[in-house]
file structure25.pdb (PDB, C-alpha atoms and all ligand atoms)
ATOM      1  CA  MET A   1    -309.332 -36.009-269.208
ATOM      2  CA  THR A   2    -306.602 -38.693-268.983
ATOM      3  CA  ASN A   3    -304.822 -37.226-272.039
ATOM      4  CA  LYS A   4    -304.505 -33.954-270.175
ATOM      5  CA  ILE A   5    -302.918 -35.398-267.050
ATOM      6  CA  ILE A   6    -299.158 -35.226-266.675
ATOM      7  CA  VAL A   7    -297.930 -37.314-263.738
ATOM      8  CA  ALA A   8    -295.037 -35.856-261.723
ATOM      9  CA  LEU A   9    -292.653 -38.707-260.909
ATOM     10  CA  ASP A  10    -291.157 -37.154-257.791
ATOM     11  CA  VAL A  11    -289.137 -40.156-256.620
ATOM     12  CA  ASN A  12    -285.395 -40.648-256.225
ATOM     13  CA  THR A  13    -284.484 -44.158-257.366
ATOM     14  CA  ILE A  14    -284.684 -45.975-260.701
ATOM     15  CA  LYS A  15    -286.464 -48.815-258.931
ATOM     16  CA  GLU A  16    -289.260 -46.543-257.733
ATOM     17  CA  LEU A  17    -289.403 -44.852-261.152
ATOM     18  CA  GLU A  18    -289.851 -48.197-262.886
ATOM     19  CA  ARG A  19    -292.450 -49.300-260.360
ATOM     20  CA  LEU A  20    -294.576 -46.238-261.150
ATOM     21  CA  LEU A  21    -294.023 -46.567-264.896
ATOM     22  CA  ASP A  22    -295.075 -50.220-264.817
ATOM     23  CA  ILE A  23    -298.302 -49.176-263.140
ATOM     24  CA  LEU A  24    -299.046 -45.896-264.894
ATOM     25  CA  SER A  25    -297.558 -46.009-268.408
ATOM     26  CA  PRO A  26    -300.552 -47.867-269.904
ATOM     27  CA  HIS A  27    -302.731 -44.921-268.822
ATOM     28  CA  ILE A  28    -300.569 -41.794-269.037
ATOM     29  CA  LYS A  29    -298.837 -40.299-272.095
ATOM     30  CA  ILE A  30    -296.617 -37.627-270.531
ATOM     31  CA  PHE A  31    -294.533 -37.885-267.368
ATOM     32  CA  LYS A  32    -292.825 -35.066-265.552
ATOM     33  CA  VAL A  33    -289.236 -35.428-264.379
ATOM     34  CA  GLY A  34    -288.505 -32.813-261.753
ATOM     35  CA  MET A  35    -285.460 -31.840-259.764
ATOM     36  CA  GLU A  36    -285.658 -34.671-257.233
ATOM     37  CA  LEU A  37    -285.586 -37.439-259.839
ATOM     38  CA  PHE A  38    -283.186 -35.699-262.232
ATOM     39  CA  TYR A  39    -280.648 -34.795-259.546
ATOM     40  CA  SER A  40    -280.894 -38.317-258.087
ATOM     41  CA  CYS A  41    -280.786 -40.410-261.249
ATOM     42  CA  GLY A  42    -279.697 -38.023-264.026
ATOM     43  CA  PRO A  43    -280.565 -38.326-267.744
ATOM     44  CA  LYS A  44    -281.059 -42.068-267.232
ATOM     45  CA  ALA A  45    -284.498 -41.253-265.790
ATOM     46  CA  VAL A  46    -285.477 -39.595-269.084
ATOM     47  CA  GLU A  47    -284.067 -42.500-271.080
ATOM     48  CA  ILE A  48    -286.119 -44.993-269.092
ATOM     49  CA  ILE A  49    -289.383 -43.100-269.611
ATOM     50  CA  LYS A  50    -288.643 -42.973-273.337
ATOM     51  CA  LYS A  51    -288.040 -46.733-273.316
ATOM     52  CA  TYR A  52    -291.616 -47.071-272.094
ATOM     53  CA  ASP A  53    -292.489 -45.064-275.213
ATOM     54  CA  ARG A  54    -293.767 -42.155-273.176
ATOM     55  CA  GLU A  55    -293.120 -38.397-273.441
ATOM     56  CA  VAL A  56    -291.096 -36.339-270.949
ATOM     57  CA  PHE A  57    -291.711 -32.899-269.495
ATOM     58  CA  LEU A  58    -288.374 -31.975-267.890
ATOM     59  CA  ASP A  59    -289.171 -29.587-265.043
ATOM     60  CA  LEU A  60    -285.834 -28.082-264.030
ATOM     61  CA  LYS A  61    -287.070 -24.464-264.042
ATOM     62  CA  PHE A  62    -283.951 -22.799-265.449
ATOM     63  CA  PHE A  63    -283.176 -19.411-263.881
ATOM     64  CA  ASP A  64    -279.686 -18.172-264.762
ATOM     65  CA  ILE A  65    -277.842 -15.782-267.063
ATOM     66  CA  PRO A  66    -278.877 -16.039-270.737
ATOM     67  CA  ASN A  67    -275.655 -17.707-271.902
ATOM     68  CA  THR A  68    -275.872 -20.474-269.290
ATOM     69  CA  VAL A  69    -279.525 -21.086-270.088
ATOM     70  CA  TYR A  70    -278.702 -21.153-273.809
ATOM     71  CA  SER A  71    -276.102 -23.922-273.426
ATOM     72  CA  SER A  72    -278.231 -25.831-270.912
ATOM     73  CA  SER A  73    -281.197 -25.746-273.296
ATOM     74  CA  LYS A  74    -278.959 -27.125-276.010
ATOM     75  CA  ALA A  75    -277.812 -29.909-273.692
ATOM     76  CA  ILE A  76    -281.291 -31.013-272.664
ATOM     77  CA  ALA A  77    -282.673 -30.726-276.210
ATOM     78  CA  ARG A  78    -280.444 -33.746-276.941
ATOM     79  CA  PHE A  79    -282.631 -35.903-274.669
ATOM     80  CA  GLY A  80    -285.571 -35.699-277.082
ATOM     81  CA  LEU A  81    -287.998 -33.967-274.723
ATOM     82  CA  PHE A  82    -291.629 -33.114-275.230
ATOM     83  CA  MET A  83    -291.378 -30.040-273.029
ATOM     84  CA  PHE A  84    -289.174 -28.180-270.521
ATOM     85  CA  ASN A  85    -289.427 -24.957-268.554
ATOM     86  CA  VAL A  86    -287.629 -21.811-267.402
ATOM     87  CA  HIS A  87    -288.619 -19.112-264.883
ATOM     88  CA  VAL A  88    -290.214 -16.094-266.579
ATOM     89  CA  GLN A  89    -288.595 -13.963-263.878
ATOM     90  CA  GLY A  90    -285.246 -14.756-265.502
ATOM     91  CA  GLY A  91    -286.244 -12.109-268.059
ATOM     92  CA  ALA A  92    -286.905 -11.793-271.792
ATOM     93  CA  GLY A  93    -283.224 -12.142-272.700
ATOM     94  CA  MET A  94    -282.955 -15.419-270.844
ATOM     95  CA  MET A  95    -286.175 -16.831-272.315
ATOM     96  CA  LYS A  96    -285.099 -15.931-275.857
ATOM     97  CA  MET A  97    -281.791 -17.702-275.354
ATOM     98  CA  ALA A  98    -283.570 -20.807-274.008
ATOM     99  CA  LEU A  99    -285.574 -20.847-277.220
ATOM    100  CA  LYS A 100    -282.506 -20.241-279.382
ATOM    101  CA  GLY A 101    -280.550 -23.076-277.743
ATOM    102  CA  ALA A 102    -283.398 -25.574-278.089
ATOM    103  CA  GLU A 103    -284.105 -24.495-281.660
ATOM    104  CA  GLU A 104    -280.498 -24.733-282.824
ATOM    105  CA  GLU A 105    -279.874 -28.116-281.244
ATOM    106  CA  SER A 106    -283.140 -29.648-282.436
ATOM    107  CA  GLU A 107    -282.508 -28.431-285.954
ATOM    108  CA  LYS A 108    -279.004 -29.893-285.864
ATOM    109  CA  LEU A 109    -280.389 -33.259-284.739
ATOM    110  CA  GLY A 110    -283.341 -33.125-287.128
ATOM    111  CA  VAL A 111    -285.873 -33.554-284.341
ATOM    112  CA  SER A 112    -288.819 -31.381-283.333
ATOM    113  CA  ARG A 113    -288.046 -28.677-280.799
ATOM    114  CA  PRO A 114    -289.260 -29.299-277.235
ATOM    115  CA  ARG A 115    -292.024 -26.935-276.180
ATOM    116  CA  ILE A 116    -290.785 -24.379-273.683
ATOM    117  CA  LEU A 117    -292.927 -23.139-270.822
ATOM    118  CA  GLY A 118    -292.359 -20.174-268.545
ATOM    119  CA  VAL A 119    -292.994 -20.668-264.836
ATOM    120  CA  THR A 120    -294.996 -17.653-263.623
ATOM    121  CA  VAL A 121    -295.521 -17.835-259.842
ATOM    122  CA  LEU A 122    -295.092 -21.099-257.953
ATOM    123  CA  THR A 123    -298.403 -22.594-256.839
ATOM    124  CA  SER A 124    -296.970 -22.907-253.328
ATOM    125  CA  MET A 125    -296.827 -19.090-253.014
ATOM    126  CA  ASP A 126    -299.650 -16.815-251.916
ATOM    127  CA  GLU A 127    -299.771 -13.026-251.786
ATOM    128  CA  GLN A 128    -297.974 -12.858-248.455
ATOM    129  CA  ASP A 129    -295.089 -14.907-249.879
ATOM    130  CA  LEU A 130    -294.978 -12.564-252.886
ATOM    131  CA  GLN A 131    -294.809  -9.512-250.638
ATOM    132  CA  GLN A 132    -291.875 -11.033-248.771
ATOM    133  CA  VAL A 133    -289.912 -11.171-252.014
ATOM    134  CA  GLY A 134    -290.766  -7.573-252.855
ATOM    135  CA  ILE A 135    -293.800  -7.991-255.118
ATOM    136  CA  ASN A 136    -296.537  -5.665-253.994
ATOM    137  CA  LYS A 137    -299.085  -6.576-256.634
ATOM    138  CA  SER A 138    -301.931  -9.060-256.577
ATOM    139  CA  SER A 139    -300.886 -12.517-257.683
ATOM    140  CA  LYS A 140    -303.312 -12.146-260.609
ATOM    141  CA  GLU A 141    -301.667  -8.955-261.872
ATOM    142  CA  HIS A 142    -298.188 -10.391-261.420
ATOM    143  CA  VAL A 143    -299.001 -13.678-263.160
ATOM    144  CA  LEU A 144    -300.603 -11.855-266.106
ATOM    145  CA  ASN A 145    -297.567  -9.604-266.544
ATOM    146  CA  LEU A 146    -295.310 -12.642-266.537
ATOM    147  CA  ALA A 147    -297.537 -14.549-268.974
ATOM    148  CA  ARG A 148    -297.484 -11.586-271.390
ATOM    149  CA  LEU A 149    -293.699 -11.416-271.162
ATOM    150  CA  ALA A 150    -293.395 -15.169-271.812
ATOM    151  CA  LYS A 151    -295.559 -14.809-274.921
ATOM    152  CA  GLN A 152    -293.606 -11.778-276.187
ATOM    153  CA  SER A 153    -290.349 -13.694-275.676
ATOM    154  CA  GLY A 154    -291.574 -16.499-277.924
ATOM    155  CA  LEU A 155    -292.298 -19.218-275.357
ATOM    156  CA  ASP A 156    -294.975 -21.816-276.106
ATOM    157  CA  GLY A 157    -296.880 -21.346-272.877
ATOM    158  CA  VAL A 158    -296.749 -20.988-269.118
ATOM    159  CA  VAL A 159    -296.987 -22.916-265.893
ATOM    160  CA  ALA A 160    -299.497 -21.218-263.597
ATOM    161  CA  SER A 161    -301.976 -21.922-260.837
ATOM    162  CA  PRO A 162    -305.340 -23.374-261.893
ATOM    163  CA  ARG A 163    -306.948 -20.296-260.383
ATOM    164  CA  GLU A 164    -305.296 -18.091-263.002
ATOM    165  CA  VAL A 165    -306.013 -20.141-266.116
ATOM    166  CA  ARG A 166    -309.148 -18.248-267.160
ATOM    167  CA  TRP A 167    -307.477 -14.841-266.911
ATOM    168  CA  ILE A 168    -304.420 -15.972-268.844
ATOM    169  CA  ARG A 169    -306.501 -17.570-271.568
ATOM    170  CA  LYS A 170    -308.568 -14.400-271.924
ATOM    171  CA  GLU A 171    -305.494 -12.181-271.997
ATOM    172  CA  ILE A 172    -303.199 -14.219-274.281
ATOM    173  CA  GLY A 173    -305.658 -16.200-276.411
ATOM    174  CA  LYS A 174    -305.866 -19.744-277.670
ATOM    175  CA  ASP A 175    -302.496 -20.444-279.192
ATOM    176  CA  PHE A 176    -300.650 -20.675-275.866
ATOM    177  CA  LEU A 177    -300.179 -23.699-273.620
ATOM    178  CA  ILE A 178    -301.305 -23.399-270.019
ATOM    179  CA  VAL A 179    -300.050 -26.114-267.696
ATOM    180  CA  THR A 180    -301.223 -26.165-264.093
ATOM    181  CA  PRO A 181    -299.808 -27.924-261.051
ATOM    182  CA  GLY A 182    -301.420 -27.283-257.666
ATOM    183  CA  ILE A 183    -304.192 -29.744-258.476
ATOM    184  CA  ARG A 184    -305.964 -31.491-255.625
ATOM    185  CA  PRO A 185    -309.060 -33.675-255.790
ATOM    186  CA  ALA A 186    -311.730 -32.358-253.392
ATOM    187  CA  GLY A 187    -310.839 -33.425-249.851
ATOM    188  CA  ASP A 188    -307.185 -34.398-250.575
ATOM    189  CA  ALA A 189    -304.230 -33.121-248.534
ATOM    190  CA  LYS A 190    -302.874 -29.793-249.834
ATOM    191  CA  GLY A 191    -299.318 -30.512-248.719
ATOM    192  CA  ASP A 192    -297.194 -27.432-249.462
ATOM    193  CA  GLN A 193    -299.457 -26.200-252.287
ATOM    194  CA  LYS A 194    -301.533 -23.045-251.699
ATOM    195  CA  ARG A 195    -303.163 -21.727-254.912
ATOM    196  CA  ILE A 196    -304.998 -24.971-255.724
ATOM    197  CA  ALA A 197    -308.123 -26.268-257.536
ATOM    198  CA  THR A 198    -309.683 -29.616-258.394
ATOM    199  CA  PRO A 199    -308.767 -31.370-261.678
ATOM    200  CA  ARG A 200    -312.204 -30.660-263.202
ATOM    201  CA  GLU A 201    -312.047 -26.963-262.266
ATOM    202  CA  ALA A 202    -308.632 -26.607-263.912
ATOM    203  CA  ILE A 203    -309.739 -28.317-267.136
ATOM    204  CA  ASN A 204    -312.993 -26.370-267.301
ATOM    205  CA  ALA A 205    -311.059 -23.147-266.845
ATOM    206  CA  GLY A 206    -309.105 -23.992-270.011
ATOM    207  CA  ALA A 207    -305.868 -25.694-268.885
ATOM    208  CA  ASP A 208    -304.197 -27.714-271.656
ATOM    209  CA  TYR A 209    -302.504 -30.008-269.154
ATOM    210  CA  ILE A 210    -302.741 -30.564-265.427
ATOM    211  CA  VAL A 211    -299.725 -31.802-263.474
ATOM    212  CA  MET A 212    -300.420 -34.166-260.604
ATOM    213  CA  GLY A 213    -297.916 -35.830-258.335
ATOM    214  CA  ARG A 214    -298.665 -36.984-254.821
ATOM    215  CA  PRO A 215    -302.437 -37.565-255.161
ATOM    216  CA  ILE A 216    -301.557 -40.290-257.700
ATOM    217  CA  THR A 217    -298.022 -41.456-256.909
ATOM    218  CA  LYS A 218    -298.512 -41.713-253.148
ATOM    219  CA  ALA A 219    -301.854 -43.510-253.460
ATOM    220  CA  LYS A 220    -301.965 -47.163-252.410
ATOM    221  CA  ASP A 221    -303.469 -47.912-255.797
ATOM    222  CA  PRO A 222    -302.354 -45.200-258.277
ATOM    223  CA  VAL A 223    -304.623 -46.453-261.101
ATOM    224  CA  LYS A 224    -307.642 -46.360-258.817
ATOM    225  CA  ALA A 225    -306.666 -42.825-257.748
ATOM    226  CA  LEU A 226    -306.329 -41.834-261.403
ATOM    227  CA  ASP A 227    -309.735 -43.335-262.213
ATOM    228  CA  SER A 228    -311.481 -41.496-259.450
ATOM    229  CA  ILE A 229    -309.801 -38.238-260.565
ATOM    230  CA  VAL A 230    -310.929 -38.722-264.164
ATOM    231  CA  ASN A 231    -314.466 -39.493-263.045
ATOM    232  CA  SER A 232    -314.699 -36.730-260.444
ATOM    233  CA  GLU A 233    -316.822 -33.635-260.874
TER     234      GLU A 233
HETATM  235  O1  LIG B   1    -297.353 -33.643-255.674
HETATM  236  P1  LIG B   1    -297.894 -32.445-256.386
HETATM  237  O2  LIG B   1    -299.173 -32.754-257.163
HETATM  238  O3  LIG B   1    -298.016 -31.215-255.521
HETATM  239  O4  LIG B   1    -296.770 -32.148-257.498
HETATM  240  C1  LIG B   1    -296.765 -30.985-258.280
HETATM  241  C2  LIG B   1    -295.527 -31.006-259.126
HETATM  242  O5  LIG B   1    -295.508 -29.839-259.940
HETATM  243  C3  LIG B   1    -294.220 -31.004-258.353
HETATM  244  O6  LIG B   1    -293.328 -31.835-259.072
HETATM  245  C4  LIG B   1    -293.756 -29.565-258.382
HETATM  246  O7  LIG B   1    -292.352 -29.476-258.407
HETATM  247  C5  LIG B   1    -294.316 -29.096-259.710
HETATM  248  N1  LIG B   1    -294.576 -27.665-259.854
HETATM  249  C6  LIG B   1    -295.374 -26.936-258.989
HETATM  250  N2  LIG B   1    -295.547 -25.583-259.182
HETATM  251  C7  LIG B   1    -294.998 -24.973-260.228
HETATM  252  C8  LIG B   1    -294.207 -25.717-261.127
HETATM  253  C9  LIG B   1    -294.025 -27.071-260.908
HETATM  254  O8  LIG B   1    -295.942 -27.499-258.064
HETATM  255  N3  LIG B   1    -295.231 -23.688-260.446
END
call {"tool": "encode", "arguments": {"input": "structure25.pdb", "output": "structure tokens"}}
result
Amino acid sequence: MTNKIIVALDVNTIKELERLLDILSPHIKIFKVGMELFYSCGPKAVEIIKKYDREVFLDLKFFDIPNTVYSSSKAIARFGLFMFNVHVQGGAGMMKMALKGAEEESEKLGVSRPRILGVTVLTSMDEQDLQQVGINKSSKEHVLNLARLAKQSGLDGVVASPREVRWIRKEIGKDFLIVTPGIRPAGDAKGDQKRIATPREAINAGADYIVMGRPITKAKDPVKALDSIVNSE
């Protein structure tokens, strides 16, 4: 299971980043840089993870007009990323331009293109939250529509809740990455997450990767926390 765990490094200093990398890089292959770390430390955070010879999933969730997303995708493709993401709700035009930007820049640099994921519905949102933003469908129906649109727009996969993995897999098929945050070991604090599952449930449902932050990074002993996650049922 360890190969399927992406650790979210949601910290805001280089010192804290290096502390976690010292502890976790012997065990984890891919690290996620989200908004907190990127807006605090900038591209240097990505550089440091790459110095540890580890891969980066840059989670900035682009959601803007197609032209802005196109040039931003080009800019971040220069970092040599494993993966990044955009919101599916930005529309097909925006997703296609994200792909175009990353493709053009990677080709120019002679490197492989980062995989691009579409964020469906945040795992912190439940049906009541969806209704408040004008979506009067079940979260299942809405997520499946968005996953289909991401696939049609050429993206490599989606970010979704572990509870939706089985449906997405059935609907879209094998050749599509499904990455799930909202993972909590049985008995752990939910924090702000709502549509959650345990690591084993998410993997058994067919997730390619699970993203975990606080249950590992906030643990007194992150390696011990990781071990008990890997060995949990
Ligand atoms: O600490 P925790 O395990 O909740 O961290 C989950 C990580 O995944 C956070 O960095 C959060 O920004 C990110 N994420 C999420 N839901 C999404 C996409 C990303 O929780 N739909």
call {"tool": "atom_distance", "arguments": {"input": "structure25.pdb", "atom1": "CA of Gly206 (chain A)", "atom2": "CA of Gln89 (chain A)"}}
result
23.6 Å
call {"tool": "atom_distance", "arguments": {"input": "structure25.pdb", "atom1": "CA of Lys100 (chain A)", "atom2": "CA of Arg115 (chain A)"}}
result
12.1 Å
call {"tool": "resolve_selection", "arguments": {"input": "structure25.pdb", "expression": "the PyMOL selection byres (((chain A and resi 211-220) around 10) and not hetatm)", "output": "ChimeraX atom specification"}}
result
/A:4-11,20,23-24,30-32,159,179-185,188-191,199,209-210,221-227,229
call {"tool": "atom_distance", "arguments": {"input": "structure25.pdb", "atom1": "CA of Asn231 (chain A)", "atom2": "CA of Ile28 (chain A)"}}
result
15.3 Å
call {"tool": "residues_around", "arguments": {"input": "structure25.pdb", "residues": "Gly154 (chain A)", "least_positions_apart": "5", "cutoff": "10 Å", "atoms": "all atoms listed in the file", "output": "short mmCIF file (atom, residue, chain, number, x, y, z; two decimals) with C-alpha atoms, keeping the file's coordinate frame"}}
result
data_model
loop_
_atom_site.label_atom_id
_atom_site.label_comp_id
_atom_site.auth_asym_id
_atom_site.auth_seq_id
_atom_site.Cartn_x
_atom_site.Cartn_y
_atom_site.Cartn_z
CA ALA A 92 -286.90 -11.79 -271.79
CA MET A 95 -286.18 -16.83 -272.32
CA LYS A 96 -285.10 -15.93 -275.86
CA ALA A 98 -283.57 -20.81 -274.01
CA LEU A 99 -285.57 -20.85 -277.22
CA LYS A 100 -282.51 -20.24 -279.38
CA ILE A 116 -290.79 -24.38 -273.68
CA LEU A 117 -292.93 -23.14 -270.82
CA LEU A 149 -293.70 -11.42 -271.16
#
call {"tool": "residues_near_point", "arguments": {"input": "structure25.pdb", "point": "(-281.2, -39.5, -263.9)", "cutoff": "12 Å", "atoms": "all atoms listed in the file", "output": "list in words"}}
result
Leu9, Asp10, Val11, Asn12, Thr13, Ile14, Lys15, Leu17, Val33, Gly34, Met35, Glu36, Leu37, Phe38, Tyr39, Ser40, Cys41, Gly42, Pro43, Lys44, Ala45, Val46, Glu47, Ile48, Ile49, Leu58 and Phe79 of chain A
call {"tool": "residues_near_point", "arguments": {"input": "structure25.pdb", "point": "(-288.1, -32.8, -280.8)", "cutoff": "10 Å", "atoms": "all atoms listed in the file", "output": "mmCIF file with C-alpha atoms, keeping the file's coordinate frame"}}
result
data_model
loop_
_atom_site.group_PDB
_atom_site.id
_atom_site.type_symbol
_atom_site.label_atom_id
_atom_site.label_comp_id
_atom_site.auth_asym_id
_atom_site.auth_seq_id
_atom_site.Cartn_x
_atom_site.Cartn_y
_atom_site.Cartn_z
ATOM 1 C CA ALA A 77 -282.673 -30.726 -276.210
ATOM 2 C CA ARG A 78 -280.444 -33.746 -276.941
ATOM 3 C CA PHE A 79 -282.631 -35.903 -274.669
ATOM 4 C CA GLY A 80 -285.571 -35.699 -277.082
ATOM 5 C CA LEU A 81 -287.998 -33.967 -274.723
ATOM 6 C CA PHE A 82 -291.629 -33.114 -275.230
ATOM 7 C CA MET A 83 -291.378 -30.040 -273.029
ATOM 8 C CA ALA A 102 -283.398 -25.574 -278.089
ATOM 9 C CA GLU A 103 -284.105 -24.495 -281.660
ATOM 10 C CA GLU A 105 -279.874 -28.116 -281.244
ATOM 11 C CA SER A 106 -283.140 -29.648 -282.436
ATOM 12 C CA GLU A 107 -282.508 -28.431 -285.954
ATOM 13 C CA LEU A 109 -280.389 -33.259 -284.739
ATOM 14 C CA GLY A 110 -283.341 -33.125 -287.128
ATOM 15 C CA VAL A 111 -285.873 -33.554 -284.341
ATOM 16 C CA SER A 112 -288.819 -31.381 -283.333
ATOM 17 C CA ARG A 113 -288.046 -28.677 -280.799
ATOM 18 C CA PRO A 114 -289.260 -29.299 -277.235
ATOM 19 C CA ARG A 115 -292.024 -26.935 -276.180
#
call {"tool": "closest_residue", "arguments": {"input": "structure25.pdb", "among": "A:Pro66, A:Gly91, A:Gly101, A:Pro162", "to": "ligand LIG 1 (chain B)", "atoms": "all atoms listed in the file"}}
result
A:Pro162
call {"tool": "closest_residue", "arguments": {"input": "structure25.pdb", "among": "A:Lys61, A:Lys140, A:Lys174, A:Lys151", "to": "ligand LIG 1 (chain B)", "atoms": "only C-alpha atoms and all ligand atoms"}}
result
A:Lys61
call {"tool": "closest_residue", "arguments": {"input": "structure25.pdb", "among": "A:Ile135, A:Ile65, A:Leu155, A:Met1", "to": "Leu177 (chain A)", "atoms": "only C-alpha atoms"}}
result
A:Leu155
call {"tool": "resolve_selection", "arguments": {"input": "structure25.pdb", "expression": "the PyMOL selection byres (((chain A and resi 172) around 10) and not hetatm)", "output": "number ranges by chain"}}
result
A: 144, 147-148, 151, 157, 167-171, 173-177
call {"tool": "closest_residue", "arguments": {"input": "structure25.pdb", "among": "A:Thr120, A:Asn3, A:Gln132, A:Ser161", "to": "Leu146 (chain A)", "atoms": "all atoms listed in the file"}}
result
A:Thr120
call {"tool": "build_atoms", "arguments": {"input": "structure25.pdb", "residues": "region 223-230 of chain A", "atoms": "all heavy atoms", "output": "mmCIF file, in the coordinates of the input"}}
result
data_model
loop_
_atom_site.group_PDB
_atom_site.id
_atom_site.type_symbol
_atom_site.label_atom_id
_atom_site.label_comp_id
_atom_site.auth_asym_id
_atom_site.auth_seq_id
_atom_site.Cartn_x
_atom_site.Cartn_y
_atom_site.Cartn_z
ATOM 1 N N VAL A 223 -303.666 -46.400 -259.981
ATOM 2 C CA VAL A 223 -304.623 -46.453 -261.101
ATOM 3 C C VAL A 223 -306.032 -46.139 -260.604
ATOM 4 O O VAL A 223 -306.797 -45.423 -261.248
ATOM 5 C CB VAL A 223 -304.567 -47.819 -261.826
ATOM 6 C CG1 VAL A 223 -305.634 -47.916 -262.904
ATOM 7 C CG2 VAL A 223 -303.181 -48.030 -262.435
ATOM 8 N N LYS A 224 -306.335 -46.641 -259.415
ATOM 9 C CA LYS A 224 -307.642 -46.360 -258.817
ATOM 10 C C LYS A 224 -307.756 -44.851 -258.533
ATOM 11 O O LYS A 224 -308.795 -44.237 -258.806
ATOM 12 C CB LYS A 224 -307.783 -47.161 -257.523
ATOM 13 C CG LYS A 224 -309.205 -47.388 -257.111
ATOM 14 C CD LYS A 224 -309.247 -48.420 -255.986
ATOM 15 C CE LYS A 224 -310.455 -48.185 -255.114
ATOM 16 N NZ LYS A 224 -310.302 -48.784 -253.798
ATOM 17 N N ALA A 225 -306.662 -44.267 -258.019
ATOM 18 C CA ALA A 225 -306.666 -42.825 -257.748
ATOM 19 C C ALA A 225 -306.881 -42.049 -259.047
ATOM 20 O O ALA A 225 -307.671 -41.104 -259.101
ATOM 21 C CB ALA A 225 -305.353 -42.418 -257.089
ATOM 22 N N LEU A 226 -306.193 -42.477 -260.095
ATOM 23 C CA LEU A 226 -306.329 -41.834 -261.403
ATOM 24 C C LEU A 226 -307.771 -41.931 -261.897
ATOM 25 O O LEU A 226 -308.354 -40.946 -262.359
ATOM 26 C CB LEU A 226 -305.367 -42.514 -262.385
ATOM 27 C CG LEU A 226 -305.246 -41.924 -263.775
ATOM 28 C CD1 LEU A 226 -304.713 -40.508 -263.721
ATOM 29 C CD2 LEU A 226 -304.314 -42.787 -264.632
ATOM 30 N N ASP A 227 -308.349 -43.118 -261.782
ATOM 31 C CA ASP A 227 -309.735 -43.335 -262.213
ATOM 32 C C ASP A 227 -310.697 -42.418 -261.483
ATOM 33 O O ASP A 227 -311.575 -41.819 -262.092
ATOM 34 C CB ASP A 227 -310.163 -44.787 -261.916
ATOM 35 C CG ASP A 227 -309.838 -45.695 -263.071
ATOM 36 O OD1 ASP A 227 -309.418 -45.164 -264.124
ATOM 37 O OD2 ASP A 227 -309.989 -46.919 -262.914
ATOM 38 N N SER A 228 -310.508 -42.318 -260.175
ATOM 39 C CA SER A 228 -311.481 -41.496 -259.450
ATOM 40 C C SER A 228 -311.273 -40.016 -259.784
ATOM 41 O O SER A 228 -312.226 -39.240 -259.773
ATOM 42 C CB SER A 228 -311.464 -41.781 -257.951
ATOM 43 O OG SER A 228 -310.315 -41.256 -257.386
ATOM 44 N N ILE A 229 -310.039 -39.627 -260.145
ATOM 45 C CA ILE A 229 -309.801 -38.238 -260.565
ATOM 46 C C ILE A 229 -310.511 -37.976 -261.891
ATOM 47 O O ILE A 229 -311.210 -36.981 -262.070
ATOM 48 C CB ILE A 229 -308.290 -37.967 -260.692
ATOM 49 C CG1 ILE A 229 -307.678 -37.885 -259.295
ATOM 50 C CG2 ILE A 229 -308.009 -36.705 -261.498
ATOM 51 C CD1 ILE A 229 -306.177 -38.090 -259.271
ATOM 52 N N VAL A 230 -310.346 -38.897 -262.829
ATOM 53 C CA VAL A 230 -310.929 -38.722 -264.164
ATOM 54 C C VAL A 230 -312.455 -38.678 -264.075
ATOM 55 O O VAL A 230 -313.106 -37.928 -264.799
ATOM 56 C CB VAL A 230 -310.458 -39.861 -265.098
ATOM 57 C CG1 VAL A 230 -311.199 -39.852 -266.404
ATOM 58 C CG2 VAL A 230 -308.956 -39.752 -265.329
#
